[in-house]
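Novice: run.pdb is reproduced below (PDB, C-alpha atoms, pLDDT in the B column).
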ATOM      1  CA  GLN A  72      -7.099 -17.086  -5.772  1.00 90.00           C
ATOM      2  CA  VAL A  73      -5.837 -14.230  -3.601  1.00 95.00           C
ATOM      3  CA  GLN A  74      -8.161 -11.313  -3.071  1.00 96.00           C
ATOM      4  CA  LEU A  75      -6.984  -7.982  -1.705  1.00 97.00           C
ATOM      5  CA  ALA A  76      -9.528  -5.623  -0.184  1.00 95.00           C
ATOM      6  CA  GLU A  77      -8.393  -2.054   0.323  1.00 95.00           C
ATOM      7  CA  SER A  78     -10.020   0.489   2.560  1.00 95.00           C
ATOM      8  CA  GLY A  79      -9.317   3.808   4.194  1.00 96.00           C
ATOM      9  CA  GLY A  80      -9.083   6.096   1.228  1.00 94.00           C
ATOM     10  CA  GLY A  81     -10.938   9.377   1.081  1.00 96.00           C
ATOM     11  CA  SER A  82     -10.429  13.095   1.295  1.00 97.00           C
ATOM     12  CA  VAL A  83      -7.871  14.710   3.540  1.00 97.00           C
ATOM     13  CA  GLN A  84      -6.580  18.211   3.963  1.00 97.00           C
ATOM     14  CA  ALA A  85      -2.962  18.936   3.236  1.00 97.00           C
ATOM     15  CA  GLY A  86      -0.980  18.313   6.381  1.00 97.00           C
ATOM     16  CA  GLY A  87      -3.462  15.755   7.625  1.00 98.00           C
ATOM     17  CA  SER A  88      -3.269  12.001   8.041  1.00 98.00           C
ATOM     18  CA  LEU A  89      -4.905   8.957   6.540  1.00 97.00           C
ATOM     19  CA  ARG A  90      -4.446   5.230   7.046  1.00 98.00           C
ATOM     20  CA  LEU A  91      -4.987   2.731   4.269  1.00 98.00           C
ATOM     21  CA  SER A  92      -5.587  -0.953   4.899  1.00 98.00           C
ATOM     22  CA  CYS A  93      -5.334  -3.968   2.630  1.00 97.00           C
ATOM     23  CA  ALA A  94      -6.675  -7.305   3.802  1.00 97.00           C
ATOM     24  CA  ALA A  95      -5.743 -10.491   1.966  1.00 96.00           C
ATOM     25  CA  SER A  96      -7.911 -13.573   1.691  1.00 93.00           C
ATOM     26  CA  GLY A  97      -8.756 -16.518  -0.519  1.00 92.00           C
ATOM     27  CA  SER A  98      -5.606 -18.625  -0.442  1.00 92.00           C
ATOM     28  CA  PRO A  99      -3.932 -20.909   2.098  1.00 89.00           C
ATOM     29  CA  PHE A 100      -0.580 -19.785   0.721  1.00 91.00           C
ATOM     30  CA  ILE A 101      -0.819 -16.235   2.034  1.00 91.00           C
ATOM     31  CA  SER A 102       2.207 -15.851   4.259  1.00 90.00           C
ATOM     32  CA  SER A 103       3.933 -13.335   6.485  1.00 88.00           C
ATOM     33  CA  GLY A 104       6.906 -13.833   4.172  1.00 88.00           C
ATOM     34  CA  ASP A 105       5.079 -12.331   1.187  1.00 91.00           C
ATOM     35  CA  VAL A 106       6.357  -9.132  -0.364  1.00 95.00           C
ATOM     36  CA  MET A 107       3.700  -6.487   0.294  1.00 96.00           C
ATOM     37  CA  GLY A 108       3.528  -3.027  -1.119  1.00 97.00           C
ATOM     38  CA  TRP A 109       1.599   0.103  -1.845  1.00 98.00           C
ATOM     39  CA  TYR A 110       1.620   1.843  -5.208  1.00 98.00           C
ATOM     40  CA  ARG A 111      -0.165   4.940  -6.413  1.00 98.00           C
ATOM     41  CA  GLN A 112      -1.244   6.362  -9.723  1.00 98.00           C
ATOM     42  CA  ALA A 113      -2.042  10.012 -10.293  1.00 95.00           C
ATOM     43  CA  PRO A 114      -4.070  11.116 -13.336  1.00 89.00           C
ATOM     44  CA  GLY A 115      -1.944  11.034 -16.463  1.00 93.00           C
ATOM     45  CA  LYS A 116       0.979   9.410 -14.672  1.00 95.00           C
ATOM     46  CA  GLN A 117       2.355   5.927 -14.400  1.00 97.00           C
ATOM     47  CA  ARG A 118       1.812   3.780 -11.360  1.00 97.00           C
ATOM     48  CA  GLU A 119       4.675   4.244  -8.927  1.00 97.00           C
ATOM     49  CA  LEU A 120       5.924   2.449  -5.856  1.00 98.00           C
ATOM     50  CA  VAL A 121       5.143   4.201  -2.590  1.00 98.00           C
ATOM     51  CA  ALA A 122       6.411   1.644  -0.091  1.00 98.00           C
ATOM     52  CA  ASN A 123       6.985  -2.064   0.232  1.00 97.00           C
ATOM     53  CA  MET A 124       8.120  -4.534   2.804  1.00 97.00           C
ATOM     54  CA  TYR A 125       9.576  -8.004   2.955  1.00 96.00           C
ATOM     55  CA  VAL A 126       9.836  -9.614   6.365  1.00 91.00           C
ATOM     56  CA  LYS A 127      11.474  -6.800   8.383  1.00 88.00           C
ATOM     57  CA  THR A 128      12.862  -4.813   5.472  1.00 96.00           C
ATOM     58  CA  THR A 129      10.968  -1.735   4.304  1.00 97.00           C
ATOM     59  CA  ASN A 130      11.534   0.494   1.311  1.00 97.00           C
ATOM     60  CA  TYR A 131      10.032   3.898   0.595  1.00 98.00           C
ATOM     61  CA  ALA A 132       9.846   6.272  -2.315  1.00 98.00           C
ATOM     62  CA  GLU A 133      11.980   9.291  -1.631  1.00 98.00           C
ATOM     63  CA  SER A 134       8.931  11.550  -1.879  1.00 97.00           C
ATOM     64  CA  VAL A 135       7.229   9.884   1.106  1.00 98.00           C
ATOM     65  CA  GLN A 136      10.240   9.015   3.230  1.00 98.00           C
ATOM     66  CA  GLY A 137       9.691  10.186   6.791  1.00 97.00           C
ATOM     67  CA  ARG A 138       5.971  10.835   6.256  1.00 98.00           C
ATOM     68  CA  PHE A 139       4.508   7.429   5.357  1.00 98.00           C
ATOM     69  CA  THR A 140       4.891   4.169   7.231  1.00 98.00           C
ATOM     70  CA  ILE A 141       4.108   0.689   5.957  1.00 98.00           C
ATOM     71  CA  SER A 142       3.272  -1.963   8.506  1.00 96.00           C
ATOM     72  CA  ARG A 143       1.409  -5.235   8.739  1.00 95.00           C
ATOM     73  CA  ASP A 144      -0.623  -7.439  11.019  1.00 95.00           C
ATOM     74  CA  ASN A 145       0.207 -11.021  10.153  1.00 94.00           C
ATOM     75  CA  ALA A 146      -2.682 -12.457  12.128  1.00 95.00           C
ATOM     76  CA  LYS A 147      -5.116 -10.327  10.122  1.00 95.00           C
ATOM     77  CA  LYS A 148      -3.208 -10.808   6.847  1.00 96.00           C
ATOM     78  CA  THR A 149      -3.397  -7.057   6.503  1.00 97.00           C
ATOM     79  CA  VAL A 150      -0.902  -4.441   5.407  1.00 97.00           C
ATOM     80  CA  TYR A 151      -1.289  -0.781   6.299  1.00 98.00           C
ATOM     81  CA  LEU A 152      -0.031   2.513   4.992  1.00 98.00           C
ATOM     82  CA  GLN A 153      -0.015   5.318   7.519  1.00 98.00           C
ATOM     83  CA  MET A 154       0.114   8.606   5.655  1.00 98.00           C
ATOM     84  CA  ASN A 155       1.106  11.664   7.685  1.00 98.00           C
ATOM     85  CA  SER A 156       1.787  15.251   6.650  1.00 98.00           C
ATOM     86  CA  VAL A 157      -0.055  14.551   3.433  1.00 98.00           C
ATOM     87  CA  LYS A 158       0.727  16.820   0.484  1.00 97.00           C
ATOM     88  CA  PRO A 159      -1.382  17.649  -2.588  1.00 96.00           C
ATOM     89  CA  GLU A 160       1.036  15.638  -4.727  1.00 95.00           C
ATOM     90  CA  ASP A 161       0.156  12.526  -2.712  1.00 97.00           C
ATOM     91  CA  ALA A 162      -3.282  12.440  -4.326  1.00 97.00           C
ATOM     92  CA  GLY A 163      -4.155   9.539  -6.569  1.00 97.00           C
ATOM     93  CA  VAL A 164      -5.435   6.003  -6.585  1.00 97.00           C
ATOM     94  CA  TYR A 165      -3.554   3.787  -4.157  1.00 98.00           C
ATOM     95  CA  PHE A 166      -3.175   0.107  -4.920  1.00 98.00           C
ATOM     96  CA  CYS A 167      -1.907  -2.598  -2.645  1.00 98.00           C
ATOM     97  CA  MET A 168       0.100  -5.491  -4.002  1.00 97.00           C
ATOM     98  CA  ARG A 169       0.984  -8.811  -2.472  1.00 97.00           C
ATOM     99  CA  ARG A 170       3.339 -11.368  -3.975  1.00 96.00           C
ATOM    100  CA  VAL A 171       2.168 -14.837  -3.090  1.00 94.00           C
ATOM    101  CA  ARG A 172       4.297 -17.746  -4.314  1.00 94.00           C
ATOM    102  CA  GLY A 173       5.856 -15.593  -7.008  1.00 93.00           C
ATOM    103  CA  HIS A 174       2.605 -14.177  -8.364  1.00 95.00           C
ATOM    104  CA  ASP A 175       1.660 -10.524  -7.865  1.00 96.00           C
ATOM    105  CA  TYR A 176      -1.890  -9.807  -6.829  1.00 97.00           C
ATOM    106  CA  TRP A 177      -3.427  -6.330  -6.832  1.00 97.00           C
ATOM    107  CA  GLY A 178      -6.240  -4.641  -5.021  1.00 96.00           C
ATOM    108  CA  GLN A 179      -8.888  -2.661  -6.832  1.00 96.00           C
ATOM    109  CA  GLY A 180      -7.482   0.664  -5.694  1.00 96.00           C
ATOM    110  CA  THR A 181      -8.662   3.290  -3.271  1.00 96.00           C
ATOM    111  CA  GLN A 182      -8.854   6.994  -4.059  1.00 97.00           C
ATOM    112  CA  VAL A 183      -6.973   9.544  -1.992  1.00 98.00           C
ATOM    113  CA  THR A 184      -7.903  13.177  -2.520  1.00 97.00           C
ATOM    114  CA  VAL A 185      -5.903  15.976  -0.933  1.00 97.00           C
ATOM    115  CA  SER A 186      -7.279  19.466  -0.549  1.00 94.00           C
ATOM    116  CA  SER A 187      -4.970  22.383  -0.014  1.00 87.00           C
TER     117      SER A 187
END
Kindly transcribe the structure held in the file into structure tokens.
Specialist:
Amino acid sequence: QVQLAESGGGSVQAGGSLRLSCAASGSPFISSGDVMGWYRQAPGKQRELVANMYVKTTNYAESVQGRFTISRDNAKKTVYLQMNSVKPEDAGVYFCMRRVRGHDYWGQGTQVTVSS
């Protein structure tokens, strides 16, 4: 069973930066070829894709393009989300996702609060 442990959430002022981490464990099938992604959910809204990556291909929501960067450390089985120039509308619960052998696993979520 794959477990995803997120960290790095918290409070940040608008214009500031934050880095989220998501470490995977619990399965020998975790691979650098997994699809990995970050999603977020604001109160009263649906969960939306923020960024994902597969091998060397990355994809970003238009609202974060140029401000957020997804990256990974294969040796640590960890995916990161560097959030720069944070805006109030970036606030919400951020979830990491990892697709291992066709099954999507989710982290428990980490709260990001943005003060203006």
Novice: List as a list in words the protein and nucleic acid residues near Tyr110 of chain A, meaning an atom at most 6 Å away when all atoms listed in the file are counted, but skip any in the same chain fewer than 2 places from it.
Specialist: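 Neighbouring residues, sequence-local ones excluded: Glu119, Leu120, Val121, Tyr165 and Phe166 of chain A.
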Novice: Take the PyMOL selection byres ((chain A and resi 159) around 10), apply it to the structure above, and return the hits as a list in words.
Specialist: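 On the file shown, the PyMOL selection byres ((chain A and resi 159) around 10) covers Val83, Gln84, Ala85, Gly86, Val157, Lys158, Glu160, Asp161, Ala162, Gly163, Val183, Thr184, Val185, Ser186 and Ser187 of chain A.
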Novice: What does the PyMOL selection byres ((chain A and resi 95) around 8) select in this file, as a ChimeraX atom specification?
Specialist: /A:73-76,93-94,96-97,101,148-149
Novice: Would you compute an axis-aligned box for segment 84-98 of chain A, covering every atom listed for it in the file with 4 Å of margin on each side, and report centre and edge lengths in Å to one decimal as AutoDock Vina command-line options?
Specialist:
--center_x -4.9 --center_y 0.2 --center_z 3.8 --size_x 15.8 --size_y 45.6 --size_z 16.6
Novice: Which residues fall under the PyMOL selection byres ((chain A and resi 137) around 12) in this file, as a PDB file with C-alpha atoms, keeping the file's coordinate frame?
Specialist:
ATOM      1  CA  ALA A 122       6.411   1.644  -0.091  1.00 98.00           C
ATOM      2  CA  ASN A 130      11.534   0.494   1.311  1.00 97.00           C
ATOM      3  CA  TYR A 131      10.032   3.898   0.595  1.00 98.00           C
ATOM      4  CA  ALA A 132       9.846   6.272  -2.315  1.00 98.00           C
ATOM      5  CA  GLU A 133      11.980   9.291  -1.631  1.00 98.00           C
ATOM      6  CA  SER A 134       8.931  11.550  -1.879  1.00 97.00           C
ATOM      7  CA  VAL A 135       7.229   9.884   1.106  1.00 98.00           C
ATOM      8  CA  GLN A 136      10.240   9.015   3.230  1.00 98.00           C
ATOM      9  CA  ARG A 138       5.971  10.835   6.256  1.00 98.00           C
ATOM     10  CA  PHE A 139       4.508   7.429   5.357  1.00 98.00           C
ATOM     11  CA  THR A 140       4.891   4.169   7.231  1.00 98.00           C
ATOM     12  CA  ILE A 141       4.108   0.689   5.957  1.00 98.00           C
ATOM     13  CA  GLN A 153      -0.015   5.318   7.519  1.00 98.00           C
ATOM     14  CA  MET A 154       0.114   8.606   5.655  1.00 98.00           C
ATOM     15  CA  ASN A 155       1.106  11.664   7.685  1.00 98.00           C
ATOM     16  CA  SER A 156       1.787  15.251   6.650  1.00 98.00           C
ATOM     17  CA  VAL A 157      -0.055  14.551   3.433  1.00 98.00           C
TER      18      VAL A 157
END
Novice: Rounded to one decimal place, report the atom CA of Gln72 of chain A-atom CA of Cys167 of chain A distance in Å.
Specialist: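 According to the coordinates, atom CA of Gln72 of chain A and atom CA of Cys167 of chain A are separated by 15.7 Å.
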Novice: For each of A:Asp144, A:Asp105, A:Asp175, A:Glu77, take the minimum atom-to-atom distance to Leu91 of chain A, counting all atoms listed in the file, then give the residue where this is smallest.
Specialist: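 So, comparing all the options, the nearest one is A:Glu77.
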Novice: Using only C-alpha atoms, which of the listed residues (A:Gly79, A:Gly173, A:Gly104, A:Gly180) sits closest to Ser92 of chain A?
Specialist: A:Gly79
Novice: By how many Å are atom CA of Lys116 of chain A and atom CA of Thr128 of chain A apart?
Specialist: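 Separation of atom CA of Lys116 of chain A and atom CA of Thr128 of chain A: 27.4 Å.
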Novice: For Ser102 of chain A, find every residue with an atom within 10 Å (counting all atoms listed in the file), except residues of its own chain fewer than 4 positions away, and show them as a count of residues only.
Specialist: 10
Novice: Looking at only C-alpha atoms, which of A:Met168, A:Gln117, A:Gln182, A:Leu152 is the one that sits closest to Ser88 of chain A?
Specialist: A:Leu152
Novice: Return the single residue from A:Thr181, A:Gly115, A:Met107, A:Leu89 that is closest to Ser142 of chain A, with distances computed using all atoms listed in the file.
Specialist: A:Met107
Novice: Please, what distance in Å, to one decimal, runs between atom CA of Lys127 of chain A and atom CA of Arg111 of chain A?
Specialist: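 Pair atom CA of Lys127 of chain A / atom CA of Arg111 of chain A returns 22.2 Å.
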Novice: Save segment 129-161 of chain A to a file: C-alpha atoms, as an mmCIF file, in the first residue's frame.
Specialist:
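Resulting contents of selection-v5.cif:
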data_model
loop_
_atom_site.group_PDB
_atom_site.id
_atom_site.type_symbol
_atom_site.label_atom_id
_atom_site.label_comp_id
_atom_site.auth_asym_id
_atom_site.auth_seq_id
_atom_site.Cartn_x
_atom_site.Cartn_y
_atom_site.Cartn_z
ATOM 1 C CA THR A 129 5.183 18.876 -16.746
ATOM 2 C CA ASN A 130 1.745 20.420 -16.923
ATOM 3 C CA TYR A 131 0.410 23.417 -15.028
ATOM 4 C CA ALA A 132 -2.928 25.048 -14.446
ATOM 5 C CA GLU A 133 -3.072 28.334 -16.270
ATOM 6 C CA SER A 134 -3.591 30.177 -12.984
ATOM 7 C CA VAL A 135 -0.203 29.068 -11.617
ATOM 8 C CA GLN A 136 1.843 28.991 -14.802
ATOM 9 C CA GLY A 137 5.092 30.873 -14.298
ATOM 10 C CA ARG A 138 4.691 31.027 -10.508
ATOM 11 C CA PHE A 139 4.663 27.382 -9.384
ATOM 12 C CA THR A 140 7.171 24.677 -10.208
ATOM 13 C CA ILE A 141 6.746 20.942 -9.749
ATOM 14 C CA SER A 142 9.865 18.862 -9.329
ATOM 15 C CA ARG A 143 10.938 15.563 -7.845
ATOM 16 C CA ASP A 144 13.781 13.743 -6.176
ATOM 17 C CA ASN A 145 13.662 10.155 -7.349
ATOM 18 C CA ALA A 146 16.101 8.929 -4.730
ATOM 19 C CA LYS A 147 13.855 10.312 -1.987
ATOM 20 C CA LYS A 148 10.638 9.293 -3.779
ATOM 21 C CA THR A 149 9.497 12.836 -3.166
ATOM 22 C CA VAL A 150 7.684 15.365 -5.307
ATOM 23 C CA TYR A 151 7.780 19.077 -4.567
ATOM 24 C CA LEU A 152 5.700 22.099 -5.395
ATOM 25 C CA GLN A 153 7.546 25.387 -5.225
ATOM 26 C CA MET A 154 5.005 28.170 -4.908
ATOM 27 C CA ASN A 155 6.244 31.686 -5.655
ATOM 28 C CA SER A 156 4.405 34.998 -5.893
ATOM 29 C CA VAL A 157 1.556 33.421 -3.987
ATOM 30 C CA LYS A 158 -1.864 35.035 -4.376
ATOM 31 C CA PRO A 159 -4.887 34.947 -2.046
ATOM 32 C CA GLU A 160 -6.700 32.747 -4.566
ATOM 33 C CA ASP A 161 -3.997 30.098 -4.125
#
